[in-house]
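Visitor: Shown below is the structure under consideration.
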Amino acid sequence: MKFKLLAAALISASLAAPLVHAQTDPSATAKPVENAVDPASIQALKDMGTHLQTLRRFHVSTGLTGEVVLADGQKLQHTATADLDVLRPNKLRARMFSTRSERVVFFNGEKATIFLPAQKYYSTVDFSGTVDALVGKLEERYGIEIPLSDLFLWGTPAAPLDKIDSAMNAGQDFIGKDLCNHFAFRQGNFDWQIWITTGSKPLPRKLVITNRADEARPQSVSLIDWNLNPGFKDDIFTFVPPKGTRAVELRALEAKK
């Protein structure tokens with residue numbers, strides 16, 4: 001998975017402590033499997049991805065909590081939020097907000113606009129692909145990341161499940177009122193955990209990422225809430241410049257040599 005989604009776009013951050021209540025003693029469930037990679041845990045990711053790809057109209061929001069480690073090892077937490085309205089195949093509105101910045105992305109199937117309310121700037125580019133393609137193109141061409149971008153990767157060939165070094169089932173927990181299966185993975189220098197709702201329509205509800213490359217082991221935590229029957233109208237995907245704003249050119253990143 002892409003671990004930067006919790007950090008770069010929103011300065012790695014969440015709202016509050018997660019509403020998690022252990023269903024059973026963790027020591028009784030979080031036992032490593034005999035094989036480093038538990039096939040059933042990998043299959044759970046695949047099943048979740050398959051279901052995510054079936055969603056056509058939804059609202060998803062997240063509260064992010066991220067840690068910054070100072071030179072003396074002291075950790076500081078920062079918080080941010082993000083909201084996404086999605087109408088597949090080709091409509092998206094994403095708002096990212098923290099005390100440091102606010103950014104809104106609009107995509108109506110023909111044009112993609114990035115709006116910075118505080119600076120009163122916006123940039124628009126022509127684009128006629130899908131939401132999934134737009135998410136990748138904005139990052140690749142302009143360095144603009146959409147929060148929770150992995151939601152558009154899971155269930156596709158782009159999800160690097162073959163790069164997971166270890167996988168285990170860590171039992172079950174409640175995230176809010178949802179009973180979830182808890183899985184833990186190790187991938188390169190990152191440990192990550194995901195809580196997926198039980199049943200035939202699995203959705204990710206919590207994600208924790210630990211950076212093992214840093215001795216301080218900073219973490220990012222994301223709580224994810226879903227509305228699969230949102231009441232938004234199609235006009236929210238088209239940007240209308242507020243009075244006093246001005247257009248600026250969106251410059252592409254320089255090609256790497």
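Labels used: A, B, ... for chains in the order of the structure tokens, numbers from 1 for residues in each chain, and numbers from 1 for ligands as shown.
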As a PDB file with N, CA and C atoms, in the first residue's frame, please: the residues near A:Gln43 (cut-off 12 Å, only C-alpha atoms, same-chain neighbours under 3 positions excluded).
Guide:
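Written out: out-v8.pdb:
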ATOM      1  N   VAL A  37       3.522 -14.977   5.966  1.00  0.00           N
ATOM      2  CA  VAL A  37       2.407 -14.346   5.271  1.00  0.00           C
ATOM      3  C   VAL A  37       1.194 -15.269   5.344  1.00  0.00           C
ATOM      4  N   ASP A  38       0.195 -14.849   6.100  1.00  0.00           N
ATOM      5  CA  ASP A  38      -1.035 -15.617   6.245  1.00  0.00           C
ATOM      6  C   ASP A  38      -1.903 -15.408   5.003  1.00  0.00           C
ATOM      7  N   PRO A  39      -2.146 -16.433   4.209  1.00  0.00           N
ATOM      8  CA  PRO A  39      -2.922 -16.259   2.971  1.00  0.00           C
ATOM      9  C   PRO A  39      -4.320 -15.701   3.220  1.00  0.00           C
ATOM     10  N   ALA A  40      -4.947 -16.062   4.335  1.00  0.00           N
ATOM     11  CA  ALA A  40      -6.302 -15.580   4.618  1.00  0.00           C
ATOM     12  C   ALA A  40      -6.312 -14.070   4.861  1.00  0.00           C
ATOM     13  N   LYS A  46      -7.916  -8.534  -0.496  1.00  0.00           N
ATOM     14  CA  LYS A  46      -8.459  -8.679  -1.847  1.00  0.00           C
ATOM     15  C   LYS A  46      -9.978  -8.556  -1.844  1.00  0.00           C
ATOM     16  N   ASP A  47     -10.622  -9.192  -0.860  1.00  0.00           N
ATOM     17  CA  ASP A  47     -12.088  -9.119  -0.771  1.00  0.00           C
ATOM     18  C   ASP A  47     -12.540  -7.688  -0.522  1.00  0.00           C
ATOM     19  N   MET A  48     -11.827  -6.986   0.358  1.00  0.00           N
ATOM     20  CA  MET A  48     -12.161  -5.590   0.612  1.00  0.00           C
ATOM     21  C   MET A  48     -11.998  -4.765  -0.658  1.00  0.00           C
ATOM     22  N   GLY A  49     -10.904  -4.983  -1.380  1.00  0.00           N
ATOM     23  CA  GLY A  49     -10.669  -4.246  -2.607  1.00  0.00           C
ATOM     24  C   GLY A  49     -11.726  -4.503  -3.653  1.00  0.00           C
ATOM     25  N   THR A  50     -12.136  -5.749  -3.774  1.00  0.00           N
ATOM     26  CA  THR A  50     -13.189  -6.095  -4.733  1.00  0.00           C
ATOM     27  C   THR A  50     -14.473  -5.355  -4.411  1.00  0.00           C
ATOM     28  N   TRP A 154      -6.931  -0.268  -3.989  1.00  0.00           N
ATOM     29  CA  TRP A 154      -7.324  -1.606  -3.556  1.00  0.00           C
ATOM     30  C   TRP A 154      -8.312  -2.211  -4.542  1.00  0.00           C
ATOM     31  N   GLY A 155      -8.087  -3.465  -4.858  1.00  0.00           N
ATOM     32  CA  GLY A 155      -8.966  -4.139  -5.810  1.00  0.00           C
ATOM     33  C   GLY A 155      -8.537  -3.983  -7.249  1.00  0.00           C
ATOM     34  N   LEU A 161       0.194  -6.172  -3.425  1.00  0.00           N
ATOM     35  CA  LEU A 161       0.041  -7.193  -2.392  1.00  0.00           C
ATOM     36  C   LEU A 161       1.206  -8.179  -2.378  1.00  0.00           C
ATOM     37  N   ASP A 162       1.912  -8.295  -3.491  1.00  0.00           N
ATOM     38  CA  ASP A 162       3.043  -9.229  -3.550  1.00  0.00           C
ATOM     39  C   ASP A 162       4.269  -8.696  -2.827  1.00  0.00           C
ATOM     40  N   ALA A 167       2.041 -11.079   7.214  1.00  0.00           N
ATOM     41  CA  ALA A 167       0.620 -10.766   7.360  1.00  0.00           C
ATOM     42  C   ALA A 167       0.037 -11.677   8.417  1.00  0.00           C
ATOM     43  N   MET A 168      -0.822 -11.099   9.268  1.00  0.00           N
ATOM     44  CA  MET A 168      -1.435 -11.906  10.318  1.00  0.00           C
ATOM     45  C   MET A 168      -2.810 -11.376  10.659  1.00  0.00           C
ATOM     46  N   ASN A 169      -3.659 -12.260  11.158  1.00  0.00           N
ATOM     47  CA  ASN A 169      -4.969 -11.907  11.693  1.00  0.00           C
ATOM     48  C   ASN A 169      -4.801 -11.642  13.181  1.00  0.00           C
ATOM     49  N   PHE A 183      -6.204  -6.799  11.052  1.00  0.00           N
ATOM     50  CA  PHE A 183      -5.088  -7.453  10.386  1.00  0.00           C
ATOM     51  C   PHE A 183      -3.834  -6.599  10.544  1.00  0.00           C
ATOM     52  N   PRO A 202     -17.166  -5.775   3.010  1.00  0.00           N
ATOM     53  CA  PRO A 202     -16.087  -5.283   3.878  1.00  0.00           C
ATOM     54  C   PRO A 202     -15.603  -3.888   3.483  1.00  0.00           C
TER      55      PRO A 202
END
Visitor: Using only C-alpha atoms, what table do you get, as a tab-separated table, when you list each residue of stretch 62-96 of chain A with an atom no more than 12 Å from stretch 109-129 of chain A, its nearest pair of atoms, and their distance in Å rounded to one decimal, rows by chain then rising number?
Guide:
residue	atom	partner	partner_atom	distance
A:Val86	CA	A:Gly109	CA	11.5
A:Leu87	CA	A:Gly109	CA	10.0
A:Arg88	CA	A:Gly109	CA	9.6
A:Pro89	CA	A:Gly109	CA	8.3
A:Asn90	CA	A:Gly109	CA	4.8
A:Lys91	CA	A:Gly109	CA	5.6
A:Leu92	CA	A:Gly109	CA	8.5
A:Arg93	CA	A:Thr113	CA	9.6
A:Ala94	CA	A:Ile114	CA	9.6
A:Arg95	CA	A:Phe115	CA	9.4
A:Met96	CA	A:Leu116	CA	10.1
Visitor: Restrict the selected residues to C-alpha atoms and save them as a short mmCIF file (atom, residue, chain, number, x, y, z; two decimals), in the first residue's frame.
Guide:
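New file result.cif:
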data_model
loop_
_atom_site.label_atom_id
_atom_site.label_comp_id
_atom_site.auth_asym_id
_atom_site.auth_seq_id
_atom_site.Cartn_x
_atom_site.Cartn_y
_atom_site.Cartn_z
CA VAL A 86 -17.36 10.27 -5.18
CA LEU A 87 -19.60 9.43 -8.11
CA ARG A 88 -17.92 6.85 -10.29
CA PRO A 89 -16.71 6.68 -12.90
CA ASN A 90 -15.66 10.30 -13.26
CA LYS A 91 -16.74 12.70 -10.50
CA LEU A 92 -14.92 13.66 -7.31
CA ARG A 93 -14.87 16.38 -4.68
CA ALA A 94 -12.18 16.15 -2.00
CA ARG A 95 -11.60 18.62 0.84
CA MET A 96 -8.49 18.45 3.01
#
Visitor: May I have all residues of stretch 94-245 of chain A that DSSP, computed from the backbone, assigns to strand (DSSP E), given as a PyMOL selection string?
Guide: chain A and resi 94-97+102-107+111-116+121-126+166-175+178-187+190-197+204-211+219-227
Visitor: Smallest atom-to-atom distance to A:Pro204: which of A:Thr130, A:Gln77, A:Ser61, A:Thr99, using only C-alpha atoms?
Guide: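 When distances to A:Pro204 are compared using only C-alpha atoms, the smallest one comes from A:Ser61.
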Visitor: Report, in Å with one decimal, the straight-line distance from atom CA of A:Ser222 to atom CA of A:Asp72.
Guide: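 Atom CA of A:Asp72 lies at a distance of 26.0 Å from atom CA of A:Ser222.
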Visitor: In Å, how far is it from atom CA of A:Val208 to atom CA of A:His182?
Guide: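 Computing the Euclidean distance for atom CA of A:Val208 and atom CA of A:His182 yields 10.9 Å.
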Visitor: Would you please work out which residue, of A:Asp150, A:Asp214, A:Asp225, A:Asp132, is nearest to A:Gly176 when using only C-alpha atoms?
Guide: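 Closest candidate: A:Asp225.
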Visitor: Taking into account only C-alpha atoms, which residue in the set A:Leu52, A:Leu250, A:Ile42, A:Ala80 is nearest to A:Glu67?
Guide: A:Ala80
Visitor: Go through A:Arg56, A:Ala213, A:Leu70, A:Val248 one by one, measure the shortest atom-to-atom distance of each to A:Phe152 using only C-alpha atoms, and give the residue with the smallest value.
Guide: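 Among the listed residues, A:Arg56 lies closest to A:Phe152.
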Visitor: Would you kindly return, as a PyMOL selection string, each protein, DNA or RNA residue with an atom no farther than 10 Å from any atom of A:Ile196, considering only C-alpha atoms and excluding same-chain residues fewer than 5 positions away?
Guide: chain A and resi 44-45+48+172-173+175+178-183+201-207
Visitor: Those residues with N, CA and C atoms, as a PDB file, in the first residue's frame please?
Guide:
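The resulting again.pdb:
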ATOM      1  N   ALA A  44      -8.300 -11.290   2.671  1.00  0.00           N
ATOM      2  CA  ALA A  44      -9.192 -10.280   3.249  1.00  0.00           C
ATOM      3  C   ALA A  44      -8.982  -8.925   2.570  1.00  0.00           C
ATOM      4  N   LEU A  45      -7.731  -8.580   2.273  1.00  0.00           N
ATOM      5  CA  LEU A  45      -7.450  -7.337   1.556  1.00  0.00           C
ATOM      6  C   LEU A  45      -8.038  -7.383   0.146  1.00  0.00           C
ATOM      7  N   MET A  48     -11.827  -6.986   0.358  1.00  0.00           N
ATOM      8  CA  MET A  48     -12.161  -5.590   0.612  1.00  0.00           C
ATOM      9  C   MET A  48     -11.998  -4.765  -0.658  1.00  0.00           C
ATOM     10  N   GLN A 172     -10.442  -9.467  16.519  1.00  0.00           N
ATOM     11  CA  GLN A 172     -11.546  -8.561  16.188  1.00  0.00           C
ATOM     12  C   GLN A 172     -11.638  -7.427  17.216  1.00  0.00           C
ATOM     13  N   ASP A 173     -12.091  -6.266  16.742  1.00  0.00           N
ATOM     14  CA  ASP A 173     -12.335  -5.101  17.594  1.00  0.00           C
ATOM     15  C   ASP A 173     -13.587  -4.405  17.093  1.00  0.00           C
ATOM     16  N   ILE A 175     -14.890  -0.805  16.009  1.00  0.00           N
ATOM     17  CA  ILE A 175     -14.560   0.563  15.635  1.00  0.00           C
ATOM     18  C   ILE A 175     -15.902   1.294  15.607  1.00  0.00           C
ATOM     19  N   ASP A 178     -19.143  -0.755  14.688  1.00  0.00           N
ATOM     20  CA  ASP A 178     -18.882  -1.779  13.666  1.00  0.00           C
ATOM     21  C   ASP A 178     -17.905  -2.825  14.176  1.00  0.00           C
ATOM     22  N   LEU A 179     -18.302  -4.086  14.115  1.00  0.00           N
ATOM     23  CA  LEU A 179     -17.391  -5.171  14.417  1.00  0.00           C
ATOM     24  C   LEU A 179     -16.449  -5.351  13.234  1.00  0.00           C
ATOM     25  N   CYS A 180     -15.155  -5.348  13.511  1.00  0.00           N
ATOM     26  CA  CYS A 180     -14.160  -5.390  12.436  1.00  0.00           C
ATOM     27  C   CYS A 180     -13.144  -6.503  12.675  1.00  0.00           C
ATOM     28  N   ASN A 181     -12.660  -7.072  11.594  1.00  0.00           N
ATOM     29  CA  ASN A 181     -11.509  -7.954  11.639  1.00  0.00           C
ATOM     30  C   ASN A 181     -10.253  -7.097  11.592  1.00  0.00           C
ATOM     31  N   HIS A 182      -9.301  -7.418  12.449  1.00  0.00           N
ATOM     32  CA  HIS A 182      -8.078  -6.641  12.606  1.00  0.00           C
ATOM     33  C   HIS A 182      -6.919  -7.437  12.000  1.00  0.00           C
ATOM     34  N   PHE A 183      -6.204  -6.799  11.052  1.00  0.00           N
ATOM     35  CA  PHE A 183      -5.088  -7.453  10.386  1.00  0.00           C
ATOM     36  C   PHE A 183      -3.834  -6.599  10.544  1.00  0.00           C
ATOM     37  N   LYS A 201     -19.801  -7.231   2.869  1.00  0.00           N
ATOM     38  CA  LYS A 201     -19.478  -5.935   2.265  1.00  0.00           C
ATOM     39  C   LYS A 201     -18.388  -5.252   3.097  1.00  0.00           C
ATOM     40  N   PRO A 202     -17.166  -5.775   3.010  1.00  0.00           N
ATOM     41  CA  PRO A 202     -16.087  -5.283   3.878  1.00  0.00           C
ATOM     42  C   PRO A 202     -15.603  -3.888   3.483  1.00  0.00           C
ATOM     43  N   LEU A 203     -15.486  -3.030   4.504  1.00  0.00           N
ATOM     44  CA  LEU A 203     -15.000  -1.668   4.315  1.00  0.00           C
ATOM     45  C   LEU A 203     -13.894  -1.376   5.328  1.00  0.00           C
ATOM     46  N   PRO A 204     -12.867  -0.642   4.949  1.00  0.00           N
ATOM     47  CA  PRO A 204     -11.831  -0.265   5.910  1.00  0.00           C
ATOM     48  C   PRO A 204     -12.358   0.808   6.861  1.00  0.00           C
ATOM     49  N   ARG A 205     -12.121   0.628   8.162  1.00  0.00           N
ATOM     50  CA  ARG A 205     -12.624   1.582   9.160  1.00  0.00           C
ATOM     51  C   ARG A 205     -11.519   2.250   9.966  1.00  0.00           C
ATOM     52  N   LYS A 206     -10.351   1.637   9.984  1.00  0.00           N
ATOM     53  CA  LYS A 206      -9.226   2.236  10.706  1.00  0.00           C
ATOM     54  C   LYS A 206      -7.928   1.748  10.093  1.00  0.00           C
ATOM     55  N   LEU A 207      -6.937   2.640  10.065  1.00  0.00           N
ATOM     56  CA  LEU A 207      -5.635   2.302   9.508  1.00  0.00           C
ATOM     57  C   LEU A 207      -4.562   2.924  10.391  1.00  0.00           C
TER      58      LEU A 207
END
